[in-house]
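Trainee: Contents of run.cif (mmCIF, C-alpha atoms and all ligand atoms) are given next:
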```cif
data_target
loop_
_atom_site.label_atom_id
_atom_site.label_comp_id
_atom_site.auth_asym_id
_atom_site.auth_seq_id
_atom_site.Cartn_x
_atom_site.Cartn_y
_atom_site.Cartn_z
CA MET A 1 -10.50 -16.67 -15.53
CA ILE A 2 -9.29 -13.31 -16.81
CA THR A 3 -5.72 -13.12 -18.07
CA LEU A 4 -3.17 -10.40 -17.43
CA TYR A 5 -0.23 -10.22 -19.83
CA SER A 6 2.52 -8.48 -17.98
CA PHE A 7 6.26 -7.80 -17.99
CA ARG A 8 7.86 -7.67 -14.60
CA ARG A 9 9.96 -4.51 -15.03
CA CYS A 10 7.64 -2.52 -17.30
CA PRO A 11 6.41 0.60 -15.47
CA PHE A 12 3.06 0.45 -17.28
CA ALA A 13 2.61 -3.16 -16.18
CA ILE A 14 3.76 -2.34 -12.64
CA ARG A 15 1.11 0.39 -12.28
CA ALA A 16 -1.57 -1.99 -13.56
CA ARG A 17 -0.49 -4.71 -11.11
CA LEU A 18 -0.47 -2.17 -8.26
CA ALA A 19 -4.10 -1.28 -8.93
CA LEU A 20 -5.24 -4.87 -9.47
CA ALA A 21 -3.58 -5.89 -6.21
CA ALA A 22 -5.07 -2.88 -4.40
CA ALA A 23 -8.50 -3.96 -5.64
CA GLY A 24 -7.94 -7.30 -3.94
CA LEU A 25 -7.54 -9.43 -7.05
CA GLN A 26 -5.23 -12.39 -6.75
CA PRO A 27 -3.27 -14.21 -9.46
CA GLY A 28 -4.22 -17.86 -9.58
CA VAL A 29 -7.57 -17.05 -7.98
CA ASP A 30 -9.14 -14.17 -9.91
CA LEU A 31 -6.78 -13.91 -12.82
CA GLU A 32 -4.05 -15.80 -14.62
CA LEU A 33 -0.83 -13.85 -14.81
CA ARG A 34 1.25 -14.44 -17.94
CA GLU A 35 4.72 -12.94 -17.82
CA VAL A 36 5.92 -12.24 -21.34
CA ALA A 37 9.30 -11.61 -22.91
CA LEU A 38 8.95 -8.51 -25.06
CA ARG A 39 11.24 -10.00 -27.72
CA ALA A 40 9.01 -13.08 -28.04
CA LYS A 41 5.40 -12.14 -27.42
CA PRO A 42 3.09 -15.15 -27.27
CA PRO A 43 0.59 -15.48 -30.13
CA GLU A 44 -2.25 -15.47 -27.60
CA LEU A 45 -1.31 -11.91 -26.56
CA LEU A 46 -1.01 -10.66 -30.15
CA GLU A 47 -4.37 -12.16 -31.06
CA ALA A 48 -6.02 -10.45 -28.10
CA SER A 49 -4.25 -7.13 -28.72
CA SER A 50 -2.44 -6.58 -31.99
CA LYS A 51 -0.56 -3.49 -30.80
CA GLY A 52 1.77 -5.76 -28.89
CA THR A 53 2.31 -3.80 -25.70
CA VAL A 54 1.85 -4.88 -22.11
CA PRO A 55 -0.08 -4.77 -19.87
CA VAL A 56 -3.18 -6.30 -21.46
CA LEU A 57 -6.13 -7.66 -19.55
CA VAL A 58 -8.25 -10.23 -21.37
CA GLY A 59 -11.73 -10.84 -20.00
CA ALA A 60 -13.44 -14.14 -19.41
CA SER A 61 -17.05 -15.14 -18.96
CA GLY A 62 -17.17 -14.46 -15.21
CA LEU A 63 -15.28 -11.18 -15.08
CA LEU A 64 -15.05 -8.70 -17.91
CA PRO A 65 -16.77 -10.94 -20.48
CA GLY A 66 -15.66 -10.40 -24.07
CA ARG A 67 -13.51 -7.38 -23.29
CA VAL A 68 -9.84 -6.70 -23.78
CA ILE A 69 -8.25 -3.76 -21.97
CA GLU A 70 -5.03 -2.68 -23.67
CA GLU A 71 -4.01 0.41 -21.70
CA SER A 72 -2.48 0.40 -18.24
CA LEU A 73 -4.60 3.34 -17.05
CA GLU A 74 -7.78 1.66 -18.20
CA ILE A 75 -6.77 -1.49 -16.34
CA MET A 76 -6.21 0.63 -13.23
CA ALA A 77 -9.59 2.31 -13.62
CA TRP A 78 -11.32 -1.04 -14.16
CA ALA A 79 -9.70 -2.51 -11.05
CA LEU A 80 -10.56 0.49 -8.88
CA GLU A 81 -14.13 0.54 -10.10
CA ARG A 82 -14.49 -2.96 -8.72
CA GLN A 83 -12.93 -2.11 -5.41
CA ASP A 84 -11.01 0.91 -4.21
CA PRO A 85 -10.43 0.33 -0.50
CA HIS A 86 -7.63 2.90 -0.21
CA GLY A 87 -9.47 5.64 -2.10
CA TRP A 88 -7.07 6.01 -5.01
CA LEU A 89 -9.94 7.33 -7.14
CA ALA A 90 -12.85 7.32 -4.71
CA GLY A 91 -13.43 10.31 -2.47
CA TRP A 92 -11.67 12.90 -4.64
CA ASN A 93 -13.66 15.80 -6.03
CA ALA A 94 -13.69 16.87 -9.68
CA GLY A 95 -10.71 19.16 -9.13
CA GLY A 96 -8.72 16.29 -7.65
CA ILE A 97 -9.53 14.00 -10.56
CA GLU A 98 -8.54 16.74 -13.00
CA ALA A 99 -5.24 17.25 -11.20
CA MET A 100 -4.56 13.49 -11.36
CA GLN A 101 -5.28 13.44 -15.07
CA ALA A 102 -2.94 16.36 -15.72
CA LEU A 103 -0.10 14.71 -13.82
CA ILE A 104 -0.58 11.39 -15.60
CA LEU A 105 -0.73 13.12 -18.96
CA GLU A 106 2.58 14.84 -18.27
CA ASN A 107 4.14 11.61 -17.02
CA ASP A 108 3.02 9.49 -19.95
CA GLY A 109 3.92 12.23 -22.43
CA ALA A 110 6.87 14.53 -21.77
CA PHE A 111 8.39 12.69 -18.81
CA LYS A 112 8.26 9.27 -20.50
CA ARG A 113 9.89 10.75 -23.62
CA HIS A 114 12.75 12.17 -21.57
CA LEU A 115 13.03 8.92 -19.62
CA ASP A 116 13.35 6.85 -22.80
CA ALA A 117 16.05 9.18 -24.09
CA VAL A 118 17.94 9.02 -20.78
CA ARG A 119 17.93 5.24 -21.06
CA TYR A 120 18.54 4.71 -24.76
CA ALA A 121 19.89 7.86 -26.47
CA GLN A 122 23.53 8.82 -27.12
CA PRO A 123 25.23 10.38 -24.07
CA GLN A 124 24.84 14.02 -25.15
CA ALA A 125 21.13 13.73 -25.97
CA ALA A 126 20.60 11.60 -22.86
CA ALA A 127 22.12 14.31 -20.65
CA SER A 128 19.94 17.01 -22.16
CA HIS A 129 16.79 14.90 -21.72
CA GLY A 130 17.92 14.10 -18.18
CA ALA A 131 18.01 17.83 -17.42
CA ASP A 132 14.52 18.28 -18.91
CA ALA A 133 13.21 15.35 -16.86
CA LEU A 134 14.63 16.95 -13.72
CA VAL A 135 12.72 20.17 -14.42
CA ILE A 136 9.50 18.14 -14.31
CA LEU A 137 10.63 16.21 -11.23
CA ARG A 138 11.43 19.44 -9.38
CA ARG A 139 7.92 20.68 -10.07
CA TRP A 140 6.43 17.43 -8.83
CA SER A 141 8.70 17.63 -5.81
CA ARG A 142 7.34 21.08 -4.90
CA GLN A 143 3.83 19.70 -5.27
CA LEU A 144 4.72 16.85 -2.88
CA ALA A 145 6.20 19.10 -0.24
CA PRO A 146 3.08 20.00 1.77
CA GLY A 147 1.51 16.56 2.33
CA GLY A 148 3.97 13.98 1.04
CA TRP A 149 1.71 12.89 -1.82
CA LEU A 150 0.99 14.54 -5.15
CA LEU A 151 -2.50 15.66 -4.21
CA GLY A 152 -1.91 16.24 -0.55
CA PRO A 153 -2.10 14.08 2.53
CA ARG A 154 -2.96 10.71 1.00
CA PRO A 155 -1.95 8.78 -2.11
CA SER A 156 -4.16 8.92 -5.17
CA LEU A 157 -4.15 7.20 -8.54
CA ALA A 158 -1.63 9.79 -9.73
CA ASP A 159 1.02 8.71 -7.19
CA TRP A 160 0.75 5.04 -8.13
CA ALA A 161 0.62 5.79 -11.85
CA LEU A 162 3.77 7.96 -11.77
CA LEU A 163 5.95 6.21 -9.19
CA PRO A 164 7.02 3.26 -11.41
CA PHE A 165 8.37 5.75 -13.97
CA VAL A 166 10.25 7.84 -11.43
CA ARG A 167 11.68 4.57 -10.10
CA GLN A 168 12.98 3.81 -13.59
CA PHE A 169 14.47 7.32 -13.89
CA ARG A 170 16.35 6.81 -10.62
CA GLN A 171 17.58 3.39 -11.78
CA ALA A 172 19.43 4.99 -14.70
CA ASP A 173 21.74 6.75 -12.20
CA PRO A 174 20.93 6.08 -8.54
CA GLY A 175 23.96 8.03 -7.26
CA GLY A 176 23.18 11.09 -9.36
CA PHE A 177 19.54 10.93 -8.32
CA ALA A 178 20.39 10.79 -4.63
CA ALA A 179 22.81 13.71 -4.96
CA GLU A 180 20.39 15.91 -6.91
CA PRO A 181 19.61 19.08 -4.91
CA GLY A 182 16.08 20.41 -4.48
CA LEU A 183 14.42 17.03 -4.85
CA GLU A 184 14.11 15.97 -1.23
CA PRO A 185 10.30 15.61 -1.05
CA LEU A 186 10.33 13.57 -4.25
CA GLN A 187 13.23 11.44 -3.03
CA ARG A 188 11.32 10.67 0.16
CA TRP A 189 8.15 9.89 -1.82
CA LEU A 190 10.08 7.48 -4.06
CA ALA A 191 11.99 5.90 -1.15
CA ARG A 192 8.72 5.15 0.63
CA PHE A 193 7.44 3.46 -2.54
CA LEU A 194 10.65 1.48 -3.08
CA GLU A 195 10.59 0.18 0.47
CA GLY A 196 6.85 -0.31 0.74
CA PRO A 197 4.81 -3.50 0.66
CA GLU A 198 2.80 -2.52 -2.42
CA LEU A 199 5.77 -2.57 -4.80
CA ALA A 200 7.32 -5.62 -3.15
CA ALA A 201 4.08 -7.54 -3.65
CA VAL A 202 3.87 -6.86 -7.38
CA MET A 203 7.54 -7.52 -8.13
CA ALA A 204 7.51 -11.08 -6.76
CA PRO A 205 5.47 -14.20 -7.50
CA PRO A 206 2.56 -14.59 -7.96
CA TRP A 207 2.33 -11.05 -9.42
CA ALA A 208 5.63 -11.28 -11.28
CA GLU A 209 7.61 -14.26 -12.43
CA ARG A 210 11.16 -14.07 -13.70
CA ARG A 211 10.60 -16.61 -16.41
CA PRO A 212 8.18 -16.07 -19.27
CA TRP A 213 4.91 -17.93 -19.49
CA ARG A 214 5.11 -20.97 -21.79
CA SER A 215 2.56 -20.78 -24.56
CA PRO A 216 1.00 -24.13 -25.49
CA ARG A 217 1.33 -22.95 -29.11
CA TRP A 218 5.12 -23.03 -28.95
CA LEU A 219 7.49 -25.99 -28.68
CA TYR A 220 10.45 -26.37 -26.37
CA HIS A 221 13.84 -28.03 -26.27
CA LEU A 222 16.23 -28.35 -23.35
CA ALA A 223 19.79 -27.82 -24.51
CA LEU A 224 23.17 -27.85 -22.85
CA ARG A 225 24.45 -24.30 -22.88
CA GLU A 226 27.67 -25.25 -24.68
CA ASP A 227 25.77 -27.09 -27.43
CA TRP A 228 23.52 -24.10 -28.07
CA GLN A 229 26.47 -21.70 -28.03
CA ALA A 230 28.33 -23.90 -30.53
CA ALA A 231 25.28 -23.94 -32.84
CA ARG A 232 25.03 -20.16 -32.69
CA ALA A 233 28.72 -19.69 -33.34
CA GLY A 234 28.75 -22.18 -36.24
CA ASP A 235 28.47 -21.22 -39.92
CA GLU A 236 25.57 -23.54 -40.69
CA GLY A 237 22.98 -21.76 -38.53
CA VAL A 238 21.61 -25.03 -37.19
CA TYR A 239 21.63 -27.02 -33.95
CA ARG A 240 22.21 -30.76 -34.31
CA ARG A 241 21.75 -32.34 -30.89
CA SER A 242 18.89 -34.75 -30.37
CA THR A 243 18.96 -34.78 -26.60
CA ARG A 244 21.57 -34.80 -23.86
CA GLY A 245 24.66 -36.68 -25.08
CA ARG A 246 23.06 -37.82 -28.34
CA SER A 247 23.36 -36.32 -31.79
CA LEU A 248 20.69 -35.79 -34.42
CA GLU A 249 22.61 -38.13 -36.73
CA ALA A 250 22.52 -40.97 -34.15
CA VAL A 251 18.84 -40.60 -33.24
CA GLY A 252 17.27 -39.31 -36.45
CA PHE A 253 15.29 -36.47 -34.89
CA VAL A 254 15.54 -33.69 -32.28
CA HIS A 255 13.57 -34.37 -29.09
CA LEU A 256 11.15 -31.55 -28.28
CA SER A 257 8.52 -31.01 -25.60
CA ALA A 258 5.15 -29.34 -25.49
CA ALA A 259 4.72 -26.66 -22.81
CA HIS A 260 3.19 -29.10 -20.32
CA GLN A 261 6.01 -31.63 -20.84
CA VAL A 262 9.02 -29.38 -20.16
CA GLU A 263 9.21 -29.82 -16.39
CA ALA A 264 9.02 -33.62 -16.45
CA THR A 265 11.60 -33.86 -19.23
CA ALA A 266 13.97 -31.63 -17.28
CA GLN A 267 13.43 -33.68 -14.17
CA ARG A 268 14.12 -36.94 -16.00
CA PHE A 269 17.22 -36.01 -17.96
CA TYR A 270 18.80 -32.81 -16.65
CA ALA A 271 18.13 -32.64 -12.89
CA ASP A 272 21.76 -33.39 -11.94
CA LEU A 273 23.19 -30.37 -13.77
CA PRO A 274 23.99 -27.08 -12.04
CA ALA A 275 21.85 -23.98 -12.57
CA GLY A 276 22.82 -22.22 -15.76
CA ALA A 277 24.11 -25.34 -17.54
CA VAL A 278 20.76 -26.04 -19.19
CA LEU A 279 18.93 -23.66 -21.47
CA LEU A 280 15.30 -23.80 -22.45
CA LEU A 281 14.85 -23.03 -26.14
CA THR A 282 11.43 -21.74 -27.18
CA LEU A 283 10.61 -22.66 -30.77
CA ASP A 284 8.09 -21.22 -33.17
CA PRO A 285 6.45 -24.14 -35.02
CA HIS A 286 5.61 -21.83 -37.93
CA ARG A 287 9.27 -21.13 -38.52
CA LEU A 288 10.01 -24.86 -38.42
CA ALA A 289 7.32 -25.48 -41.03
CA ALA A 290 8.58 -22.56 -43.13
CA ALA A 291 12.02 -24.20 -43.13
CA GLY A 292 10.38 -27.32 -44.57
CA LEU A 293 10.98 -29.42 -41.46
CA ALA A 294 8.69 -32.28 -40.49
CA LEU A 295 7.33 -32.46 -36.98
CA ARG A 296 5.80 -35.72 -35.77
CA TRP A 297 4.11 -36.52 -32.48
CA GLU A 298 5.42 -39.95 -31.49
CA PRO A 299 5.25 -42.09 -28.35
CA ALA A 300 8.23 -42.03 -26.03
CA PRO A 301 9.66 -45.51 -25.46
CA GLY A 302 8.08 -47.16 -22.43
CA SER A 303 5.14 -44.72 -22.27
CA GLY A 304 2.17 -43.95 -24.43
CA GLU A 305 2.76 -40.21 -24.15
CA LEU A 306 3.28 -38.46 -27.45
CA PHE A 307 6.19 -36.05 -27.81
CA PRO A 308 7.01 -33.74 -30.70
CA HIS A 309 9.98 -34.92 -32.75
CA LEU A 310 11.69 -32.66 -35.25
CA TYR A 311 13.05 -34.44 -38.31
CA GLY A 312 16.04 -32.37 -39.35
CA ALA A 313 18.47 -29.93 -37.81
CA LEU A 314 16.92 -27.11 -35.80
CA PRO A 315 17.47 -23.73 -37.50
CA VAL A 316 18.89 -21.23 -35.01
CA GLU A 317 16.50 -18.64 -36.37
CA ALA A 318 13.46 -20.73 -35.38
CA VAL A 319 14.43 -20.23 -31.73
CA LEU A 320 12.51 -17.35 -30.20
CA LEU A 321 14.14 -17.42 -26.79
CA ALA A 322 17.06 -19.21 -25.19
CA GLU A 323 16.97 -18.72 -21.44
CA PRO A 324 18.52 -20.49 -18.49
CA PHE A 325 16.14 -23.24 -17.46
CA CYS A 326 14.70 -22.79 -13.96
CA PRO A 327 12.43 -25.56 -12.75
CA VAL A 328 9.15 -24.28 -11.36
CA SER A 329 9.83 -25.67 -7.88
CA ASN A 330 13.13 -23.92 -7.18
CA GLY A 331 13.23 -21.34 -9.94
CA ARG A 332 12.49 -18.54 -7.51
N1 LIG A 401 0.11 3.09 -23.42
C1 LIG A 401 0.45 1.75 -23.03
C2 LIG A 401 1.96 1.62 -23.09
C3 LIG A 401 2.46 0.24 -22.73
C4 LIG A 401 3.91 0.01 -23.19
O1 LIG A 401 4.47 0.77 -23.99
N2 LIG A 401 4.53 -1.08 -22.69
C5 LIG A 401 5.84 -1.45 -23.18
C6 LIG A 401 6.66 -2.16 -22.15
S1 LIG A 401 7.09 -1.12 -20.78
C7 LIG A 401 5.69 -2.46 -24.31
O2 LIG A 401 4.91 -3.38 -24.21
N3 LIG A 401 6.46 -2.31 -25.38
C8 LIG A 401 6.40 -3.21 -26.49
C9 LIG A 401 7.73 -3.71 -26.90
O3 LIG A 401 8.74 -3.28 -26.33
O4 LIG A 401 7.79 -4.52 -27.81
C10 LIG A 401 -0.09 1.47 -21.64
O5 LIG A 401 -0.25 2.42 -20.86
O6 LIG A 401 -0.40 0.32 -21.32
#
```
Could you render the structure as structure tokens?

Mentor:
Amino acid sequence: MITLYSFRRCPFAIRARLALAAAGLQPGVDLELREVALRAKPPELLEASSKGTVPVLVGASGLLPGRVIEESLEIMAWALERQDPHGWLAGWNAGGIEAMQALILENDGAFKRHLDAVRYAQPQAAASHGADALVILRRWSRQLAPGGWLLGPRPSLADWALLPFVRQFRQADPGGFAAEPGLEPLQRWLARFLEGPELAAVMAPPWAERRPWRSPRWLYHLALREDWQAARAGDEGVYRRSTRGRSLEAVGFVHLSAAHQVEATAQRFYADLPAGAVLLLTLDPHRLAAAGLALRWEPAPGSGELFPHLYGALPVEAVLLAEPFCPVSNGR
């Protein structure tokens, strides 16, 4: 099955999911969707695409054999080549395609630069970039006025490629955006997108999960929030619990799980705790080895199943992610 590496809120990933969904592809059926955390990208993603951005589509023998598509627009084009039932690309003449390309170029270039500054720059620079972004938005708004869509009476690739970015611009200051004069056609265009079924479908499972995909190359540990917080606040830089209610000193090792063992471990030992009390720590085995720690796969008492056991205190810096644990069944 092909694999899509995605990040729920990323506008590039949203546009790719919109096109894949429009082409009738379904996660779990035609592709495996792997939600990633940008601060802890799975090794599988980086091996497929070393530039480390999402979205990335990795082919498989049935579909897209041997190919990796690393650009959101190329993923959109690939999806629409397969099937384009709403005519996002099909049915437009050369002039239309050229107009789409120009809009996308401006969005991904100047508009995205202003958007990033609005979100991350110091207030003064952010305000000046905000004003520059609005100049572009006003132009797009005038273009929308006659038919409601960028190229006229029906949506094209350009609408779907730009809308996730305009959505993000609005999110920086929804009140200011709503009060902005001279933007009414664009505000209506965005409102229709925000309320529409296309966006809703790609922001919820199975197109978007809130918790990152668990790589089988990583290891995992369920920790009580207060224990993890104490380890982070301590001077030693290590975590010394073995499992719930038991210390490393008493047991001799820290209990870990492989990706496929996390749910059952949580169910066995932590199911009575309220949401938010348990964190899932994602560990990089390379960092454990670099710290000189021994990892042994040993049978759990009463079962033949092998679990990873870490002999020594867990270095805080070997933890890639610490996130509230949400079981698969009710994590949504
Ligand atoms: N040109 C790329 C841009 C993708 C991109 O920049 N995605 C962002 C997330 S929205 C990313 O992965 N950034 C990497 C990071 O933050 O580490 C595309 O169109 O797919």

Trainee: Show which residues sit within 9 Å of region 76-82 of chain A, as number ranges by chain. Count only C-alpha atoms, and ignore same-chain residues fewer than 6 positions away.

Mentor: A: 15-25, 69, 88-90, 157, 161

Trainee: Counting only C-alpha atoms and all ligand atoms, which residues of chain A sit at most 9 Å from some atom of ligand LIG 401 (chain A), and what is each one's closest atom pair with its distance in Å to one decimal, listed by chain and rising residue number, as CSV?

Mentor:
```
residue,atom,partner,partner_atom,distance
A:Ser6,CA,A:LIG401,O2,8.4
A:Phe7,CA,A:LIG401,C6,7.0
A:Arg9,CA,A:LIG401,S1,7.3
A:Cys10,CA,A:LIG401,S1,3.8
A:Pro11,CA,A:LIG401,S1,5.6
A:Phe12,CA,A:LIG401,O5,5.3
A:Ala13,CA,A:LIG401,S1,6.7
A:Ile14,CA,A:LIG401,S1,8.9
A:Arg15,CA,A:LIG401,O5,8.9
A:Ala16,CA,A:LIG401,O6,8.2
A:Ala37,CA,A:LIG401,O4,8.7
A:Leu38,CA,A:LIG401,O4,5.0
A:Arg39,CA,A:LIG401,O4,6.5
A:Ala40,CA,A:LIG401,O4,8.6
A:Lys41,CA,A:LIG401,O4,8.0
A:Lys51,CA,A:LIG401,C8,8.2
A:Gly52,CA,A:LIG401,C8,5.8
A:Thr53,CA,A:LIG401,O2,3.0
A:Val54,CA,A:LIG401,O2,4.0
A:Pro55,CA,A:LIG401,O6,5.3
A:Val56,CA,A:LIG401,O6,7.2
A:Ile69,CA,A:LIG401,O6,8.9
A:Glu70,CA,A:LIG401,O6,6.0
A:Glu71,CA,A:LIG401,O6,3.6
A:Ser72,CA,A:LIG401,O6,3.7
A:Leu73,CA,A:LIG401,O5,5.9
A:Glu74,CA,A:LIG401,O5,8.0
A:Ile75,CA,A:LIG401,O6,8.3
A:Asp108,CA,A:LIG401,N1,7.8
```

Trainee: Might you pull out every residue within 8 Å of region 231-248 of chain A, with only C-alpha atoms counted and same-chain residues fewer than 3 positions away left off, and present them as a PDB file with C-alpha atoms, in the frame of the given file?

Mentor:
```pdb
ATOM      1  CA  LEU A 222      16.230 -28.350 -23.350  1.00  0.00           C
ATOM      2  CA  ALA A 223      19.790 -27.820 -24.510  1.00  0.00           C
ATOM      3  CA  LEU A 224      23.170 -27.850 -22.850  1.00  0.00           C
ATOM      4  CA  ASP A 227      25.770 -27.090 -27.430  1.00  0.00           C
ATOM      5  CA  TRP A 228      23.520 -24.100 -28.070  1.00  0.00           C
ATOM      6  CA  VAL A 251      18.840 -40.600 -33.240  1.00  0.00           C
ATOM      7  CA  GLY A 252      17.270 -39.310 -36.450  1.00  0.00           C
ATOM      8  CA  PHE A 253      15.290 -36.470 -34.890  1.00  0.00           C
ATOM      9  CA  VAL A 254      15.540 -33.690 -32.280  1.00  0.00           C
ATOM     10  CA  HIS A 255      13.570 -34.370 -29.090  1.00  0.00           C
ATOM     11  CA  PHE A 269      17.220 -36.010 -17.960  1.00  0.00           C
ATOM     12  CA  TYR A 270      18.800 -32.810 -16.650  1.00  0.00           C
ATOM     13  CA  GLY A 312      16.040 -32.370 -39.350  1.00  0.00           C
ATOM     14  CA  ALA A 313      18.470 -29.930 -37.810  1.00  0.00           C
ATOM     15  CA  LEU A 314      16.920 -27.110 -35.800  1.00  0.00           C
ATOM     16  CA  PRO A 315      17.470 -23.730 -37.500  1.00  0.00           C
ATOM     17  CA  VAL A 316      18.890 -21.230 -35.010  1.00  0.00           C
ATOM     18  CA  GLU A 317      16.500 -18.640 -36.370  1.00  0.00           C
TER      19      GLU A 317
END
```

Trainee: Which residue out of A:Leu295, A:Val262, A:Leu183, A:Leu194 has the minimum interatomic distance to Arg167 (chain A) when only C-alpha atoms are used?

Mentor: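 Closest candidate: A:Leu194.
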
Trainee: What separation in Å, quoted to one decimal, exists between CA of Leu256 (chain A) and CA of Val36 (chain A)?

Mentor: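 Atom-to-atom, CA of Leu256 (chain A) to CA of Val36 (chain A), that is 21.2 Å.
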
Trainee: With distances taken over only C-alpha atoms, which of A:Thr3, A:Gln124, A:Thr265, A:Gln101 is nearest to Pro65 (chain A)?

Mentor: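 That would be A:Thr3, the residue with the smallest distance to Pro65 (chain A).
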
Trainee: Rounded to one decimal place, report the CA of Arg139 (chain A)-CA of Pro174 (chain A) distance in Å.

Mentor: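 CA of Arg139 (chain A) sits 19.6 Å away from CA of Pro174 (chain A).
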
Trainee: Find the residues near Phe177 (chain A): any atom within 12 Å, counting all atoms listed in the file, skip ones fewer than 2 places away on the same chain, and give them as a list in words.

Mentor: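 Counting all atoms listed in the file, the residues come to Gly130, Ala131, Ala133, Leu134, Leu137, Arg138, Val166, Arg167, Gln168, Phe169, Arg170, Gln171, Ala172, Asp173, Pro174, Gly175, Ala179, Glu180, Pro181, Gly182, Leu183, Glu184, Leu186, Gln187, Arg188, Leu190 and Ala191 of chain A.
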
Trainee: Enter the distance from CA of Leu115 (chain A) to CA of Pro185 (chain A), in Å, rounded to one decimal.

Mentor: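 Here the two named atoms are 19.9 Å from each other.
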
Trainee: Counting only C-alpha atoms, find residues at most 12 Å from (-1.4, -13.4, -6.8) (file frame) and give them as a list in words.

Mentor: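 Applying the cut-off with only C-alpha atoms, one gets Leu4, Arg17, Leu18, Leu20, Ala21, Ala22, Ala23, Gly24, Leu25, Gln26, Pro27, Gly28, Val29, Asp30, Leu31, Glu32, Leu33, Arg34, Ala201, Val202, Met203, Ala204, Pro205, Pro206, Trp207, Ala208 and Glu209 of chain A.
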
Trainee: Quick one: residues within 12 Å of Leu320 (chain A), only C-alpha atoms, excluding same-chain residues fewer than 5 positions away - as a list in words?

Mentor: Ala37, Leu38, Arg39, Ala40, Lys41, Pro42, Pro212, Arg214, Ser215, Trp218, Leu219, Tyr220, His221, Leu280, Leu281, Thr282, Leu283, Asp284, Pro285, His286, Arg287, Leu288 and Pro315 of chain A

Trainee: Take region 222-236 of chain A, model N, CA and C atoms, and hand the result over as a short mmCIF file (atom, residue, chain, number, x, y, z; two decimals), keeping the file's coordinate frame.

Mentor:
```
data_model
loop_
_atom_site.label_atom_id
_atom_site.label_comp_id
_atom_site.auth_asym_id
_atom_site.auth_seq_id
_atom_site.Cartn_x
_atom_site.Cartn_y
_atom_site.Cartn_z
N LEU A 222 15.22 -28.60 -24.38
CA LEU A 222 16.23 -28.35 -23.35
C LEU A 222 17.59 -28.64 -23.98
N ALA A 223 18.48 -27.69 -23.86
CA ALA A 223 19.79 -27.82 -24.51
C ALA A 223 20.89 -27.54 -23.50
N LEU A 224 22.02 -28.22 -23.66
CA LEU A 224 23.17 -27.85 -22.85
C LEU A 224 23.68 -26.52 -23.39
N ARG A 225 24.03 -25.65 -22.47
CA ARG A 225 24.45 -24.30 -22.88
C ARG A 225 25.56 -24.35 -23.93
N GLU A 226 26.54 -25.26 -23.73
CA GLU A 226 27.67 -25.25 -24.68
C GLU A 226 27.23 -25.72 -26.07
N ASP A 227 26.25 -26.63 -26.12
CA ASP A 227 25.77 -27.09 -27.43
C ASP A 227 25.06 -25.96 -28.17
N TRP A 228 24.25 -25.21 -27.43
CA TRP A 228 23.52 -24.10 -28.07
C TRP A 228 24.51 -23.01 -28.52
N GLN A 229 25.49 -22.73 -27.66
CA GLN A 229 26.47 -21.70 -28.03
C GLN A 229 27.25 -22.12 -29.27
N ALA A 230 27.58 -23.42 -29.36
CA ALA A 230 28.33 -23.90 -30.53
C ALA A 230 27.46 -23.76 -31.79
N ALA A 231 26.17 -24.07 -31.67
CA ALA A 231 25.28 -23.94 -32.84
C ALA A 231 25.20 -22.49 -33.29
N ARG A 232 25.14 -21.58 -32.33
CA ARG A 232 25.03 -20.16 -32.69
C ARG A 232 26.30 -19.63 -33.31
N ALA A 233 27.44 -20.18 -32.82
CA ALA A 233 28.72 -19.69 -33.34
C ALA A 233 29.04 -20.32 -34.70
N GLY A 234 28.41 -21.46 -35.01
CA GLY A 234 28.75 -22.18 -36.24
C GLY A 234 28.27 -21.46 -37.49
N ASP A 235 28.82 -21.89 -38.65
CA ASP A 235 28.47 -21.22 -39.92
C ASP A 235 27.14 -21.72 -40.48
N GLU A 236 26.73 -22.91 -40.06
CA GLU A 236 25.57 -23.54 -40.69
C GLU A 236 24.23 -22.96 -40.24
#
```
